[in-house]
Amino acid sequence: MFRFKRAEFIDWAIPLVIAAFPLLWLAPIHRQFNHTYSDWKNNLWMIGYFGEYFRRHLSFPMTFNTDPWVGMPNPLFYGPLFFPLAGLVSALIGPALALRIILFGLLWLQTTQISRMIKAIYPDSYAAWAIAAVVAFAIYPLTNIYSRSAIPEFAAVSLLTSACSLWIRASIVGPQPKNWNDASWACLLLALSAGTHSLTALIGGILFGILVLSGIIRAADSGRRAAFMARYTILYLAVLSPWIYVVMKFSSRLNVARASFQGMIDFGDSIDLWWVRLLPIPFDIRPLWVEILSKVPTPYLDAQINFGLLVIAAFLAIQLRHRWRVCRQENGFTLTAAVMCFTAILGMYYLSVSPQIWQFLPHSLCIIQFAYRLISYIDLLLLILIILLLSLLKRFRLEFENKFKLCLMAAVILMAQAVLVKFNHAAFTQEKRILTGTGPFDDRSILVHLPPTFYSPLDYVIQDGYAGNAPALPRLNFLAAAGPRFGQVPTVSLNGARSFETNIQAFPWNKLVINGSLLPQTETYLSTGNTLAFGDFGRGPANQVAYAFVPDRAYVICRYVSAAALISWIGFLIGTACWRRRSRLLR
């Protein structure tokens with residue numbers, strides 16, 4: 001009995017240690033990163049805003065209302081699931097600490113699921129933990145934390161990795177009740193990934209779909225699996241329905257969408273060089289070119305493929321080469337899948353270092369924006385390739401087990417050294433002060449008075465559908481309330497104004513309320529700053545002016561459907577897990 005408990009403790013403790021190591025530099029809560037751009041502050045600010053709004057109103061905001069800008073529709077399009085869920089944690093402990101707990105939780109979940117998946121194929125805990133550690137110590141995900149501060153992208157890729165690991169494990173073990181539960185968790189994590197970062201949903205959803213399709217084709221009960229996936233596809237779409245609705249309705253008219261389709265952004269002279277992509281340690285040549293680090297946009301943007309996974313995959317490929325004839329005869333489908341996976345890795349690698357090839361591809365693919373984003377999927381494909389190779393070599397495990405352990409040890413040490421180098425890079429870009437209002441004990445009401453520092457606060461404005469463009473007019477600034485009315489916009493009393501421009505962003509669902517009457521969009525003007533402006537249409541002067549956010553009825557329905565589907569889904573899975581654990585304890 002004692003040994004069982006000890007083994008169970010180790011199964012929980014080692015993933016915790018693995019997940020904690022690459023995040024050690026986040027331990028001091030006052031640290032924030034990437035001093036050139038402000039994405040770290042942006043993420044803290046948005047998590048804090050959602051948390052404080054929920055704490056005050058027990059609901060989530062559909063727009064950001066601040067002193068500089070009112071009616072910012074960012075929450076409709078960006079991280080529609082990530083920021084509300086992170087806000088729930090932030091409501092209790094503040095965004096700075098909440099962000100660290102969320103990152104640690106995601107990395108622990110990823111490590112746990114990868115190790116369990118490996119043990120389902122290769123029953124060696126050492127190998128499972130080593131491969132999970134190599135994935136957790138990857139360079140590019142840490143770049144997304146410490147350099148780019150692309151927190152939603154890191155979270156989405158981690159959730160996608162966990163989802164793929166759960167699905168593969170459920171497919172390997174077979175149609176047992178617990179594995180159906182694991183497959184359901186995999187679909188839920190995929191939905192959360194898509195609701196965290198939309199670009200990850202685009203490529204990651206395709207990859208997950210291929211895994212599902214191959215699992216259905218190979219399964220003995222393919223009809224049952226297909227029906228299972230059909231049900232959860234409906235749930236998946238229901239959870240994402242608000243985001244799907246606004247993207248289908250407005251995406252072609254948004255400023256940010258037009259900017260995204262202008263072309264692929266590449267750094268063919270530095271970050272995206274073919275040999276830089278294959279280095280075993282983080283390396284960005286650009287800081288060597290300048291005397292002052294602040295002149296480098298996003299310094300230490302290290303975009304290397306996971307070299308540890310490359311080493312492991314190469315070792316297993318060599319072992320497979322020695323046993324090629326036997327493996328080809330016994331595992332034709334798995335071998336074909338491994339070859340296709342390897343081909344996909346080469347293709348994505350070529351796309352990530354060859355910007356000229358994008359000229360011949362559909363222009364819509366340029367929504368990826370940065371070629372180095374493909375590294376996340378190269379790393380994931382490398383992990384899947386290792387799983388396939390281990391499956392092919394399963395019966396020969398004892399023949400190369402000792403050499404494999406040495407290979408895994410070398411890969412872990414190599415990637416651990418890369419993490420330490422990344423800490424050194426993070427130290428150069430950090431600021432030893434916390435954003436006001438984001439600490440555990442700060443007054444978070446102050447967030448409405450802090451101007452958001454996005455790349456462009458007008459990314460999600462829509463400029464058509466208005467009565468016309470207004471000339472320069474007197475400015476009327478709406479100020480968002482703090483305290484119990486956090487995030488709400490009070491009515492402004494005027495002395496018979498006949499024309500003015502506001503700080504309300506131009507968006508079809510943002511409305512002016514003049515003297516208690518809702519002003520239609522066709523009677524609202526657009527100012528030179530892409531904000532709403534008022535002109536007298538025979539209504540008389542404006543004495544009372546208010547702001548209202550009036551979404552379509554369809555969007556409101558989608559929002560309720562999404563909340564109900566997500567809460568029911570999570571509740572069902574947690575309830576099922578608790579019931580099975582209780583039954584096991586009773587037995």
# chains A, B, ... in the order shown; residues from 1 in each chain; ligands from 1
$ residues_around --residues "segment 100-115 of chain A" --least-positions-apart "4" --cutoff "8 Å" --atoms "only C-alpha atoms" --output "list of chain:residue names"
A:Trp12, A:Pro15, A:Leu16, A:Ile18, A:Ala19, A:Ala20, A:Leu23, A:Leu26, A:Ala27, A:Ala86, A:Ala96, A:Lys119, A:Ser125, A:Ala128, A:Trp129, A:Ile131, A:Ala132, A:Ala133, A:Val135, A:Ala136, A:Ala155, A:Ser158, A:Leu159, A:Thr161, A:Ser162, A:Ser165, A:Leu166
$ closest_atom_pairs --of "segment 88-167 of chain A" --to "segment 420-426 of chain A" --cutoff "10 Å" --atoms "only C-alpha atoms" --output "tab-separated table"
residue	atom	partner	partner_atom	distance
A:Phe137	CA	A:Leu420	CA	9.8
A:Ile139	CA	A:Lys422	CA	7.6
A:Tyr140	CA	A:Lys422	CA	9.9
A:Leu142	CA	A:Lys422	CA	7.4
A:Thr143	CA	A:Lys422	CA	7.8
A:Ile145	CA	A:Ala426	CA	9.3
A:Tyr146	CA	A:Ala426	CA	5.6
A:Ser147	CA	A:Ala426	CA	6.8
$ atom_distance --atom1 "atom CA of Ile265 of chain A" --atom2 "atom CA of Ala418 of chain A"
25.9 Å
$ atom_distance --atom1 "atom CA of Val246 of chain A" --atom2 "atom CA of Ala564 of chain A"
18.7 Å
$ select_by_dssp --residues "segment 155-297 of chain A" --states "helix (DSSP H, G or I)" --output "PyMOL selection string"
chain A and resi 155-173+177-194+198-218+222-239+241-253+255-260+274-277+286-288+293-295
$ write_last_selection --atoms "C-alpha atoms" --output "short mmCIF file (atom, residue, chain, number, x, y, z; two decimals), in the first residue's frame"
data_model
loop_
_atom_site.label_atom_id
_atom_site.label_comp_id
_atom_site.auth_asym_id
_atom_site.auth_seq_id
_atom_site.Cartn_x
_atom_site.Cartn_y
_atom_site.Cartn_z
CA ALA A 155 -1.72 28.93 -23.92
CA ALA A 156 -3.48 27.83 -27.11
CA VAL A 157 -0.55 25.71 -28.33
CA SER A 158 -0.18 24.11 -24.89
CA LEU A 159 -3.90 23.26 -24.83
CA LEU A 160 -3.66 21.88 -28.38
CA THR A 161 -0.71 19.69 -27.38
CA SER A 162 -2.63 18.36 -24.37
CA ALA A 163 -5.70 17.74 -26.54
CA CYS A 164 -3.71 15.77 -29.13
CA SER A 165 -1.99 13.76 -26.38
CA LEU A 166 -5.31 12.86 -24.77
CA TRP A 167 -6.85 11.84 -28.07
CA ILE A 168 -3.89 9.70 -29.13
CA ARG A 169 -3.83 7.97 -25.74
CA ALA A 170 -7.57 7.29 -25.90
CA SER A 171 -7.16 5.90 -29.42
CA ILE A 172 -4.30 3.61 -28.40
CA VAL A 173 -5.87 2.11 -25.30
CA PRO A 177 -15.42 4.02 -20.73
CA LYS A 178 -12.54 6.02 -19.24
CA ASN A 179 -10.98 6.51 -22.65
CA TRP A 180 -14.23 7.87 -24.06
CA ASN A 181 -14.04 10.34 -21.19
CA ASP A 182 -10.45 11.20 -22.16
CA ALA A 183 -11.52 11.75 -25.76
CA SER A 184 -14.24 14.10 -24.54
CA TRP A 185 -11.66 16.03 -22.51
CA ALA A 186 -9.51 16.23 -25.65
CA CYS A 187 -12.36 17.85 -27.60
CA LEU A 188 -12.97 20.30 -24.74
CA LEU A 189 -9.30 21.30 -24.61
CA LEU A 190 -9.37 21.82 -28.38
CA ALA A 191 -12.37 24.15 -27.98
CA LEU A 192 -10.54 26.08 -25.25
CA SER A 193 -7.48 26.30 -27.51
CA ALA A 194 -9.55 27.71 -30.37
CA SER A 198 -7.85 31.94 -33.37
CA LEU A 199 -4.78 31.27 -35.55
CA THR A 200 -4.00 28.21 -33.46
CA ALA A 201 -7.57 27.07 -34.05
CA LEU A 202 -6.98 27.33 -37.80
CA ILE A 203 -3.91 25.07 -38.10
CA GLY A 204 -4.34 23.11 -34.87
CA GLY A 205 -7.92 22.23 -35.71
CA ILE A 206 -6.80 20.76 -39.05
CA LEU A 207 -4.09 18.70 -37.34
CA PHE A 208 -6.46 17.46 -34.65
CA GLY A 209 -9.02 16.59 -37.33
CA ILE A 210 -6.45 14.44 -39.14
CA LEU A 211 -5.71 12.59 -35.88
CA VAL A 212 -9.42 12.02 -35.32
CA LEU A 213 -9.97 10.81 -38.88
CA SER A 214 -7.06 8.38 -38.72
CA GLY A 215 -8.31 7.09 -35.35
CA ILE A 216 -11.79 6.50 -36.76
CA ILE A 217 -10.43 4.69 -39.83
CA ARG A 218 -8.24 2.38 -37.75
CA SER A 222 -15.44 3.23 -36.40
CA GLY A 223 -19.18 3.94 -36.59
CA ARG A 224 -19.41 4.52 -32.85
CA ARG A 225 -16.35 6.78 -32.89
CA ALA A 226 -17.75 8.78 -35.81
CA ALA A 227 -21.04 9.30 -33.95
CA PHE A 228 -19.09 10.31 -30.85
CA MET A 229 -17.12 12.93 -32.79
CA ALA A 230 -20.26 14.23 -34.50
CA ARG A 231 -21.82 14.95 -31.09
CA TYR A 232 -18.74 16.68 -29.80
CA THR A 233 -18.27 18.64 -33.01
CA ILE A 234 -21.70 20.16 -32.37
CA LEU A 235 -20.65 20.98 -28.79
CA TYR A 236 -17.38 22.44 -30.08
CA LEU A 237 -19.21 24.73 -32.51
CA ALA A 238 -21.73 25.70 -29.81
CA VAL A 239 -18.96 26.78 -27.43
CA SER A 241 -20.55 30.12 -31.72
CA PRO A 242 -20.29 33.79 -30.52
CA TRP A 243 -16.80 34.12 -31.97
CA ILE A 244 -17.77 32.31 -35.18
CA TYR A 245 -20.76 34.62 -35.60
CA VAL A 246 -18.85 37.90 -35.22
CA VAL A 247 -15.98 36.69 -37.42
CA MET A 248 -18.36 35.67 -40.21
CA LYS A 249 -20.27 38.94 -39.90
CA PHE A 250 -17.44 41.47 -39.52
CA SER A 251 -14.03 39.96 -40.35
CA SER A 252 -13.76 41.36 -43.89
CA ARG A 253 -14.49 44.88 -42.63
CA ASN A 255 -8.86 47.12 -39.83
CA VAL A 256 -6.83 44.28 -38.33
CA ALA A 257 -8.09 41.80 -40.95
CA ARG A 258 -7.06 44.06 -43.82
CA ALA A 259 -3.61 44.48 -42.29
CA SER A 260 -3.21 40.71 -41.80
CA TRP A 274 17.50 27.98 -42.12
CA TRP A 275 20.53 27.34 -39.89
CA VAL A 276 19.23 29.56 -37.08
CA ARG A 277 16.05 27.49 -37.02
CA ARG A 286 19.82 41.09 -34.31
CA PRO A 287 20.99 42.33 -30.87
CA LEU A 288 24.59 41.86 -32.11
CA LEU A 293 19.12 46.82 -27.16
CA SER A 294 15.99 49.00 -27.15
CA LYS A 295 16.50 49.64 -30.88
#
$ closest_residue --among "A:Pro299, A:Val412, A:Leu388, A:Gly268" --to "Ala427 of chain A" --atoms "only C-alpha atoms"
A:Pro299
$ residues_around --residues "Asn306 of chain A" --least-positions-apart "3" --cutoff "10 Å" --atoms "only C-alpha atoms" --output "PyMOL selection string"
chain A and resi 134-141+277-281+303+309-311+375-376+378-380+382-383+411+415+418
$ atom_distance --atom1 "atom CA of Asn543 of chain A" --atom2 "atom CA of Glu523 of chain A"
17.4 Å
$ closest_residue --among "A:Tyr460, A:Phe396, A:Tyr349, A:Trp25" --to "Leu320 of chain A" --atoms "only C-alpha atoms"
A:Phe396
$ residues_around --residues "Leu389 of chain A" --least-positions-apart "4" --cutoff "12 Å" --atoms "only C-alpha atoms" --output "number ranges by chain"
A: 118, 121-122, 312-321, 323-324, 327-328, 331, 334-339, 341-342, 382-385, 393-397
$ closest_residue --among "A:Arg148, A:Arg55, A:Arg31, A:Lys405" --to "Leu99 of chain A" --atoms "only C-alpha atoms"
A:Arg31
$ residues_around --residues "Phe64 of chain A" --least-positions-apart "4" --cutoff "8 Å" --atoms "only C-alpha atoms" --output "short mmCIF file (atom, residue, chain, number, x, y, z; two decimals) with C-alpha atoms, in the first residue's frame"
data_model
loop_
_atom_site.label_atom_id
_atom_site.label_comp_id
_atom_site.auth_asym_id
_atom_site.auth_seq_id
_atom_site.Cartn_x
_atom_site.Cartn_y
_atom_site.Cartn_z
CA TRP A 69 -11.50 54.79 -25.50
CA VAL A 70 -15.06 53.55 -25.00
CA GLY A 71 -16.66 50.59 -26.76
CA MET A 72 -13.46 48.76 -27.75
CA PRO A 73 -14.84 45.50 -29.27
CA ASN A 74 -11.61 43.52 -28.71
CA PRO A 75 -13.26 40.94 -26.37
CA GLY A 487 -16.48 49.46 -16.72
#
$ closest_residue --among "A:Gly540, A:Gly465, A:Gly308, A:Gly571" --to "Tyr525 of chain A" --atoms "only C-alpha atoms"
A:Gly465
$ closest_residue --among "A:Leu532, A:Val89, A:Gln488, A:Val461" --to "Leu476 of chain A" --atoms "only C-alpha atoms"
A:Leu532
$ select_by_dssp --residues "segment 2-105 of chain A" --states "strand (DSSP E or B)" --output "list in words"
Arg31, Gln32, Phe64, Val70 and Met72 of chain A
$ write_last_selection --atoms "N, CA, C and O atoms" --output "compact mmCIF listing (two decimals), in the first residue's frame"
# COMPACT_ATOMS: atom_id res chain seq x y z
N ARG A 31 8.03 41.15 -11.76
CA ARG A 31 8.69 41.17 -13.06
C ARG A 31 7.68 41.23 -14.19
O ARG A 31 6.68 40.53 -14.18
N GLN A 32 7.97 42.06 -15.18
CA GLN A 32 7.24 42.04 -16.44
C GLN A 32 8.26 42.15 -17.56
O GLN A 32 9.36 42.65 -17.36
N PHE A 64 -14.38 46.83 -24.01
CA PHE A 64 -13.55 47.51 -23.02
C PHE A 64 -13.95 48.99 -23.00
O PHE A 64 -13.93 49.65 -24.05
N VAL A 70 -13.84 54.22 -25.47
CA VAL A 70 -15.06 53.55 -25.00
C VAL A 70 -15.56 52.65 -26.13
O VAL A 70 -15.46 53.00 -27.31
N MET A 72 -14.47 49.53 -27.00
CA MET A 72 -13.46 48.76 -27.75
C MET A 72 -13.96 47.32 -27.88
O MET A 72 -14.09 46.60 -26.88
